[in-house]
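For reference, model31.csv (CSV, C-alpha atoms):
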```
chain,number,residue,atom,x,y,z
J,5,MET,CA,0.0,0.0,0.0
J,6,THR,CA,1.2,3.6,0.6
J,7,THR,CA,0.5,6.6,2.8
J,8,LEU,CA,-1.2,9.7,1.5
J,9,VAL,CA,-1.6,13.0,3.5
J,10,ALA,CA,-3.2,16.3,2.8
J,11,ILE,CA,-3.7,19.4,4.9
J,12,LYS,CA,-5.6,22.7,4.8
J,13,ARG,CA,-3.9,25.2,7.1
J,14,ASN,CA,-3.1,29.0,7.0
J,15,ASP,CA,-5.0,29.4,3.7
J,16,GLU,CA,-2.9,26.8,2.0
J,17,VAL,CA,-3.5,23.2,0.7
J,18,TRP,CA,-0.7,20.7,0.6
J,19,ILE,CA,-0.7,17.0,-0.4
J,20,GLY,CA,2.0,14.3,-0.1
J,21,ALA,CA,2.6,10.6,-0.6
J,22,ASP,CA,5.4,8.2,0.0
J,23,LYS,CA,7.3,6.7,-3.0
J,24,GLN,CA,7.4,3.0,-2.2
J,25,THR,CA,5.9,0.4,-4.5
J,26,GLN,CA,5.3,-3.1,-3.1
J,27,TYR,CA,4.7,-6.3,-5.0
J,28,GLY,CA,3.6,-9.0,-2.5
J,29,SER,CA,6.2,-9.1,0.2
J,30,THR,CA,8.9,-7.4,-2.0
J,31,LYS,CA,9.5,-3.7,-1.6
J,32,ARG,CA,10.5,-1.7,-4.7
J,33,MET,CA,11.5,2.0,-4.6
J,34,TYR,CA,10.7,4.1,-7.7
J,35,ASN,CA,11.7,7.6,-6.8
J,36,LYS,CA,10.8,8.9,-10.3
J,37,GLN,CA,7.2,7.6,-10.1
J,38,SER,CA,4.9,9.9,-8.3
J,39,LYS,CA,1.7,8.8,-6.7
J,40,ILE,CA,0.4,12.3,-7.2
J,41,VAL,CA,-1.3,13.2,-10.5
J,42,ARG,CA,-1.8,16.8,-11.5
J,43,ALA,CA,-4.8,17.5,-13.7
J,44,CYS,CA,-7.6,20.0,-14.3
J,45,GLY,CA,-6.7,22.2,-11.3
J,46,PHE,CA,-6.4,19.2,-8.9
J,47,ALA,CA,-3.7,17.2,-7.3
J,48,PHE,CA,-4.9,13.6,-7.0
J,49,ALA,CA,-2.9,11.2,-4.7
J,50,PHE,CA,-3.4,7.4,-5.1
J,51,SER,CA,-2.9,4.4,-2.8
J,52,GLY,CA,-3.5,0.8,-3.7
J,53,SER,CA,-3.0,-0.9,-7.1
J,54,CYS,CA,-1.0,1.2,-9.5
J,55,VAL,CA,-3.3,0.0,-12.4
J,56,TYR,CA,-6.0,2.3,-11.0
J,57,GLN,CA,-3.7,5.4,-11.2
J,58,ASN,CA,-2.5,4.3,-14.7
J,59,LEU,CA,-6.1,4.1,-16.0
J,60,PHE,CA,-6.9,7.4,-14.2
J,61,GLU,CA,-4.1,9.2,-16.1
J,62,ILE,CA,-5.5,8.0,-19.4
J,63,PHE,CA,-9.1,8.8,-18.4
J,64,VAL,CA,-8.5,12.3,-17.1
J,65,ASP,CA,-6.7,13.3,-20.3
J,66,GLN,CA,-10.1,13.5,-21.9
J,67,PHE,CA,-11.1,16.4,-19.7
J,68,SER,CA,-10.0,20.1,-19.8
J,69,GLU,CA,-11.9,20.8,-16.6
J,70,ILE,CA,-13.4,19.0,-13.6
J,71,GLY,CA,-15.8,20.9,-11.3
J,72,HIS,CA,-14.4,21.6,-7.9
J,73,THR,CA,-17.5,20.8,-5.8
J,74,ARG,CA,-18.0,17.5,-4.0
J,75,LYS,CA,-21.0,16.7,-6.2
J,76,GLU,CA,-19.1,17.4,-9.4
J,77,LEU,CA,-16.1,15.3,-8.2
J,78,PHE,CA,-18.5,12.4,-7.3
J,79,SER,CA,-19.9,12.5,-10.8
J,80,PHE,CA,-16.4,12.5,-12.3
J,81,PHE,CA,-15.3,9.5,-10.2
J,82,ASN,CA,-18.5,7.6,-10.8
J,83,ASN,CA,-17.8,7.9,-14.6
J,84,PHE,CA,-14.2,7.0,-14.0
J,85,ASN,CA,-15.1,3.9,-11.9
J,86,GLY,CA,-17.4,2.7,-14.8
J,87,TYR,CA,-14.5,3.2,-17.3
J,88,ALA,CA,-12.0,1.4,-15.0
J,89,SER,CA,-14.5,-1.5,-14.4
J,90,GLU,CA,-14.9,-1.9,-18.1
J,91,LYS,CA,-11.2,-1.8,-18.9
J,92,LEU,CA,-10.4,-4.3,-16.0
J,93,LYS,CA,-13.5,-6.4,-16.9
J,94,ILE,CA,-14.6,-6.3,-13.2
J,95,GLY,CA,-17.7,-8.4,-12.6
J,96,THR,CA,-16.9,-10.7,-15.5
J,97,SER,CA,-15.6,-14.3,-15.5
J,98,ASP,CA,-12.2,-12.7,-16.4
J,99,ASN,CA,-12.1,-10.6,-13.3
J,100,ASN,CA,-14.6,-11.3,-10.5
J,101,ASP,CA,-12.5,-9.6,-7.8
J,102,PRO,CA,-14.6,-7.1,-6.0
J,103,GLN,CA,-11.5,-5.5,-4.5
J,104,ALA,CA,-10.0,-4.7,-7.9
J,105,LEU,CA,-11.0,-1.0,-7.5
J,106,SER,CA,-10.2,-0.9,-3.8
J,107,MET,CA,-8.4,2.5,-3.9
J,108,HIS,CA,-8.1,5.5,-1.7
J,109,VAL,CA,-7.7,8.8,-3.4
J,110,ILE,CA,-7.1,12.3,-1.9
J,111,ALA,CA,-8.1,15.1,-4.3
J,112,ALA,CA,-7.0,18.6,-3.6
J,113,THR,CA,-7.7,22.0,-5.1
J,114,PRO,CA,-6.1,25.3,-4.0
J,115,THR,CA,-9.0,25.7,-1.5
J,116,ASN,CA,-10.4,22.2,-0.8
J,117,VAL,CA,-9.4,18.7,0.1
J,118,TYR,CA,-11.6,15.7,-0.6
J,119,ALA,CA,-11.2,12.1,0.5
J,120,VAL,CA,-12.4,9.6,-2.1
J,121,LEU,CA,-13.2,6.2,-0.6
J,122,PRO,CA,-13.2,2.9,-2.4
J,123,ALA,CA,-17.0,2.5,-2.2
J,124,GLY,CA,-17.4,5.8,-4.0
J,125,SER,CA,-18.1,8.1,-1.1
J,126,ILE,CA,-16.5,11.5,-1.2
J,127,PHE,CA,-16.2,13.8,1.8
J,128,ASP,CA,-14.9,17.3,2.4
J,129,VAL,CA,-11.8,17.6,4.7
J,130,ASP,CA,-11.6,20.7,6.9
J,131,THR,CA,-8.1,20.3,8.4
J,132,PHE,CA,-6.2,17.1,7.4
J,133,VAL,CA,-6.6,13.6,6.2
J,134,ALA,CA,-4.5,10.5,5.7
J,135,ALA,CA,-5.2,7.4,3.7
J,136,GLY,CA,-3.5,4.1,2.8
J,137,GLY,CA,-1.5,1.5,4.7
J,138,GLY,CA,0.1,4.0,7.1
J,139,GLU,CA,-3.1,5.9,7.6
J,140,GLU,CA,-3.4,5.3,11.4
J,141,TYR,CA,0.2,6.3,12.0
J,142,ALA,CA,0.0,9.4,9.8
J,143,THR,CA,-3.3,10.5,11.4
J,144,GLY,CA,-1.8,10.2,14.9
J,145,ALA,CA,1.2,12.3,13.8
J,146,LEU,CA,-1.1,14.9,12.2
J,147,GLU,CA,-3.1,15.2,15.4
J,148,CYS,CA,0.1,16.3,17.1
J,149,LEU,CA,1.8,18.2,14.3
J,150,TYR,CA,-1.2,20.1,12.8
J,151,PRO,CA,-1.4,22.8,15.6
J,152,SER,CA,2.4,23.2,15.7
J,153,ASP,CA,4.5,26.1,14.2
J,154,LEU,CA,6.1,23.7,11.6
J,155,SER,CA,5.6,24.6,8.0
J,156,ASN,CA,2.9,22.7,6.1
J,157,ARG,CA,5.6,20.9,4.1
J,158,ASP,CA,7.3,19.8,7.3
J,159,VAL,CA,4.0,18.6,8.8
J,160,ILE,CA,3.4,16.3,5.8
J,161,LYS,CA,7.0,15.1,5.7
J,162,ARG,CA,7.0,14.2,9.4
J,163,ALA,CA,3.6,12.5,9.2
J,164,ILE,CA,4.8,10.3,6.3
J,165,ASP,CA,8.2,9.6,7.9
J,166,ILE,CA,6.4,8.4,11.1
J,167,ALA,CA,4.1,6.2,9.0
J,168,SER,CA,7.2,4.8,7.2
J,169,LYS,CA,8.8,3.8,10.5
J,170,HIS,CA,5.7,1.7,11.4
J,171,SER,CA,4.0,0.6,8.2
J,172,THR,CA,5.7,-2.0,6.0
J,173,GLY,CA,3.8,-0.6,3.0
J,174,THR,CA,5.2,2.9,3.4
J,175,GLY,CA,8.6,4.2,2.5
J,176,GLY,CA,11.0,5.3,-0.2
J,177,GLY,CA,10.9,9.0,0.5
J,178,THR,CA,8.2,11.6,0.0
J,179,ASP,CA,6.6,13.6,-2.8
J,180,ILE,CA,5.0,16.8,-1.4
J,181,ILE,CA,3.4,19.6,-3.3
J,182,GLN,CA,1.4,22.8,-2.6
J,183,VAL,CA,-1.8,23.2,-4.6
J,184,THR,CA,-1.9,26.8,-5.8
J,185,PRO,CA,-4.5,28.7,-7.9
J,186,LYS,CA,-2.3,29.1,-10.9
J,187,LYS,CA,-0.5,25.7,-10.8
J,188,VAL,CA,0.5,22.9,-8.6
J,189,LYS,CA,4.0,23.5,-7.4
J,190,ALA,CA,6.5,21.1,-5.9
```

So that I can check it, write out the structure of this file as structure tokens.
Amino acid sequence: MTTLVAIKRNDEVWIGADKQTQYGSTKRMYNKQSKIVRACGFAFAFSGSCVYQNLFEIFVDQFSEIGHTRKELFSFFNNFNGYASEKLKIGTSDNNDPQALSMHVIAATPTNVYAVLPAGSIFDVDTFVAAGGGEEYATGALECLYPSDLSNRDVIKRAIDIASKHSTGTGGGTDIIQVTPKKVKA
């Protein structure tokens, strides 16, 4: 799995993810492969099977804009899940695995953070959120770090570092970006 973190604080939105990829019990580090996709004014962070992110990158290229409300994002992901189910043949004799689309996604705009759950639910995040294999560790760290004087980048880095120490599915460094109105900057 992986660990994803996003925070809203001091009129800024930041998102981060670790860089480890895991195959079964084998860890692989791919420092050039980001788990954060930048598209249509969003930064999307993915945990779970990388096939979901790969299909997402193909699907989102069809759009010049995605609405930034929870309702519009729900509609977008509902369409994407149909597309992914068709491509992966989910529910057919070729792929009857109901967990095939078991993904956690954090979607961030310059002003909003949304948690996108595997069952399709989407909720607004007021302060911070963590998802993935190191979610519990990162959430505990965020509870302590969010009110501190640390920079937003440092809060995310420390939360992912703590998750990396305790979650076997998290590691390999961090990818952290600020989501800004004009662009998403690293």

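Each of J:Glu76, J:Asn83, J:Val109, J:Asn14 was compared to Gln57 (chain J) using only C-alpha atoms, and J:Val109 turns out to be the nearest.
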
Å distance separating CA of Ser125 (chain J) from CA of Asp158 (chain J), one decimal place: 29.2 Å

Compile a residue-level contact table for region 59-91 of chain J against region 113-124 of chain J at a cut-off of 12 Å, reporting for every qualifying residue the shortest atom pair and its distance in Å to one decimal, with only C-alpha atoms counted, rows ordered by chain and ascending number, as CSV.
```
residue,atom,partner,partner_atom,distance
J:Ile70,CA,J:Thr113,CA,10.7
J:Gly71,CA,J:Thr113,CA,10.3
J:His72,CA,J:Thr113,CA,7.3
J:Thr73,CA,J:Asn116,CA,8.8
J:Arg74,CA,J:Tyr118,CA,7.5
J:Lys75,CA,J:Tyr118,CA,11.0
J:Glu76,CA,J:Tyr118,CA,11.7
J:Leu77,CA,J:Tyr118,CA,8.8
J:Phe78,CA,J:Gly124,CA,7.5
J:Ser79,CA,J:Gly124,CA,9.9
J:Phe80,CA,J:Gly124,CA,10.7
J:Phe81,CA,J:Gly124,CA,7.5
J:Asn82,CA,J:Gly124,CA,7.1
J:Asn83,CA,J:Gly124,CA,10.8
J:Phe84,CA,J:Gly124,CA,10.6
J:Asn85,CA,J:Gly124,CA,8.4
J:Gly86,CA,J:Gly124,CA,11.2
```

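Of the listed residues (J:Val64, J:Ala135, J:Ala49, J:Ala163), J:Ala163 comes nearest to Cys148 (chain J); the distances count only C-alpha atoms.
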
Residue neighbourhood Pro185 (chain J), 12 Å, only C-alpha atoms, exclusion window fewer than 3 positions, as a ChimeraX atom specification: /J:15-17,44-47,112-116,182,188-189

Could you write out that same residue set with C-alpha atoms as a short mmCIF file (atom, residue, chain, number, x, y, z; two decimals), keeping the file's coordinate frame?
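Written output follows (out_8.cif):
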```cif
data_model
loop_
_atom_site.label_atom_id
_atom_site.label_comp_id
_atom_site.auth_asym_id
_atom_site.auth_seq_id
_atom_site.Cartn_x
_atom_site.Cartn_y
_atom_site.Cartn_z
CA ASP J 15 -5.00 29.40 3.70
CA GLU J 16 -2.90 26.80 2.00
CA VAL J 17 -3.50 23.20 0.70
CA CYS J 44 -7.60 20.00 -14.30
CA GLY J 45 -6.70 22.20 -11.30
CA PHE J 46 -6.40 19.20 -8.90
CA ALA J 47 -3.70 17.20 -7.30
CA ALA J 112 -7.00 18.60 -3.60
CA THR J 113 -7.70 22.00 -5.10
CA PRO J 114 -6.10 25.30 -4.00
CA THR J 115 -9.00 25.70 -1.50
CA ASN J 116 -10.40 22.20 -0.80
CA GLN J 182 1.40 22.80 -2.60
CA VAL J 188 0.50 22.90 -8.60
CA LYS J 189 4.00 23.50 -7.40
#
```

Residues proximal to (-12.5, 15.1, 5.6) were defined as those with any atom within 10 Å of that point in the file's coordinates, counting all atoms listed in the file. Which are they, as a compact mmCIF listing (two decimals) with C-alpha atoms, keeping the file's coordinate frame?
```txt
# COMPACT_ATOMS: atom_id res chain seq x y z
CA ALA J 10 -3.20 16.30 2.80
CA ILE J 11 -3.70 19.40 4.90
CA ILE J 110 -7.10 12.30 -1.90
CA ASN J 116 -10.40 22.20 -0.80
CA VAL J 117 -9.40 18.70 0.10
CA TYR J 118 -11.60 15.70 -0.60
CA ALA J 119 -11.20 12.10 0.50
CA VAL J 120 -12.40 9.60 -2.10
CA ILE J 126 -16.50 11.50 -1.20
CA PHE J 127 -16.20 13.80 1.80
CA ASP J 128 -14.90 17.30 2.40
CA VAL J 129 -11.80 17.60 4.70
CA ASP J 130 -11.60 20.70 6.90
CA THR J 131 -8.10 20.30 8.40
CA PHE J 132 -6.20 17.10 7.40
CA VAL J 133 -6.60 13.60 6.20
CA ALA J 134 -4.50 10.50 5.70
```

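What separates CA of Ser38 (chain J) from CA of Gly175 (chain J) is a distance of 12.8 Å.
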
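Our summary of the geometry notes that CA of Gly136 (chain J) is positioned 21.7 Å from CA of Leu92 (chain J).
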
Selection near Thr174 (chain J), 8 Å with all atoms listed in the file, sequence-local residues under 6 positions removed, as a PyMOL selection string: chain J and resi 5-7+22-24+137-138+164+167-168

Selected residue of minimal separation from Lys161 (chain J) among J:Ala21, J:Gln37, J:Ser89, J:Lys12, counting only C-alpha atoms: J:Ala21

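Using all atoms listed in the file, the shortest contact distance between Ala88 (chain J) and any of J:Leu59, J:Ala111, J:Val159, J:Ile180 is found at J:Leu59.
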